[in-house]
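Participant: Take this structure, written in structure tokens, and hold onto it; I'll ask about it next.
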Amino acid sequence: MKNINIIYRNHSGISFYWKSANDDMLKAQVVFRDTGFYFTVDQLKTFAFQTQVAKTQYTCNDCPNPKDCRSLLLKTPSDCIDLAVSKQELDDMQDLLDQTILRMEAQSYMQTALN
């Protein structure tokens, strides 16, 4: 953990900056379950919007445990990757993305204001 600066974490995921990153654009690594994404703020906003879209999907009518059933398809900013998530995971992912975006924008604002 000495190679990263944690932005935010909840019980389903973590977001952080790589200390060694030399990108022109501010990017964050977001790890959710077993998958990591390395996105800009704009890509994270797109991803967060997709969590709202996924909330409009329906689970199976006869599902014995609809809150934990991974029947929702969450699109990612990567055209080749979608995630199967439960309603609880979707809420956790939305929290992770929203808090990451908020903190990245606050950091960006502070860097701009101080320069």
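Each chain in the structure tokens gets a letter, A, B and so on, in the order shown; residues start at 1 in every chain, and ligands are counted from 1 in the order they appear.
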Leaving out stretch 45-54 of chain A and any residue of its chain fewer than 3 positions from it, which residues lie within 8 Å of it when counting only C-alpha atoms, given as a list of chain:residue names?
Facilitator: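 Near stretch 45-54 of chain A, the qualifying residues are A:Val41, A:Asp42, A:Gln57, A:Leu72, A:Leu73, A:Leu74, A:Lys75, A:Thr76, A:Pro77, A:Leu90, A:Met93, A:Gln94, A:Leu97, A:Asp98, A:Ile101.
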Participant: Just the residues within 12 Å of A:Asp92, please, counting only C-alpha atoms, with nothing from its chain fewer than 5 positions along; format it as a list in words.
Facilitator: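 Close residues of A:Asp92: Tyr8, Arg9, Asn10, His11, Ser12, Gly13, Ile14, Val31, Phe32, Arg33, Ala48, Thr51, Val85, Ser86, Lys87, Leu97, Asp98 and Gln99 of chain A.
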Participant: Kindly give the distance, in Å, that separates atom CA of A:Tyr58 and atom CA of A:Asp34, rounded to a single decimal.
Facilitator: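 Computing it gives 24.3 Å between the two atoms.
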Participant: DSSP on the backbone, strand (DSSP E) only: what residues of stretch 41-86 of chain A does that give? Format it as a VMD selection string.
Facilitator: chain A and resid 72 to 75 82 to 85
Participant: Can I get the selection written as a short mmCIF file (atom, residue, chain, number, x, y, z; two decimals), in the first residue's frame, with C-alpha atoms?
Facilitator:
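After the write, selection-v2.cif holds the following:
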```cif
data_model
loop_
_atom_site.label_atom_id
_atom_site.label_comp_id
_atom_site.auth_asym_id
_atom_site.auth_seq_id
_atom_site.Cartn_x
_atom_site.Cartn_y
_atom_site.Cartn_z
CA LEU A 72 -28.21 -6.56 -13.42
CA LEU A 73 -25.86 -5.66 -16.26
CA LEU A 74 -23.65 -2.66 -15.52
CA LYS A 75 -21.99 -1.12 -18.55
CA ASP A 82 -19.88 -5.07 -18.72
CA LEU A 83 -20.34 -6.35 -15.16
CA ALA A 84 -23.06 -8.59 -13.75
CA VAL A 85 -23.98 -7.08 -10.38
#
```
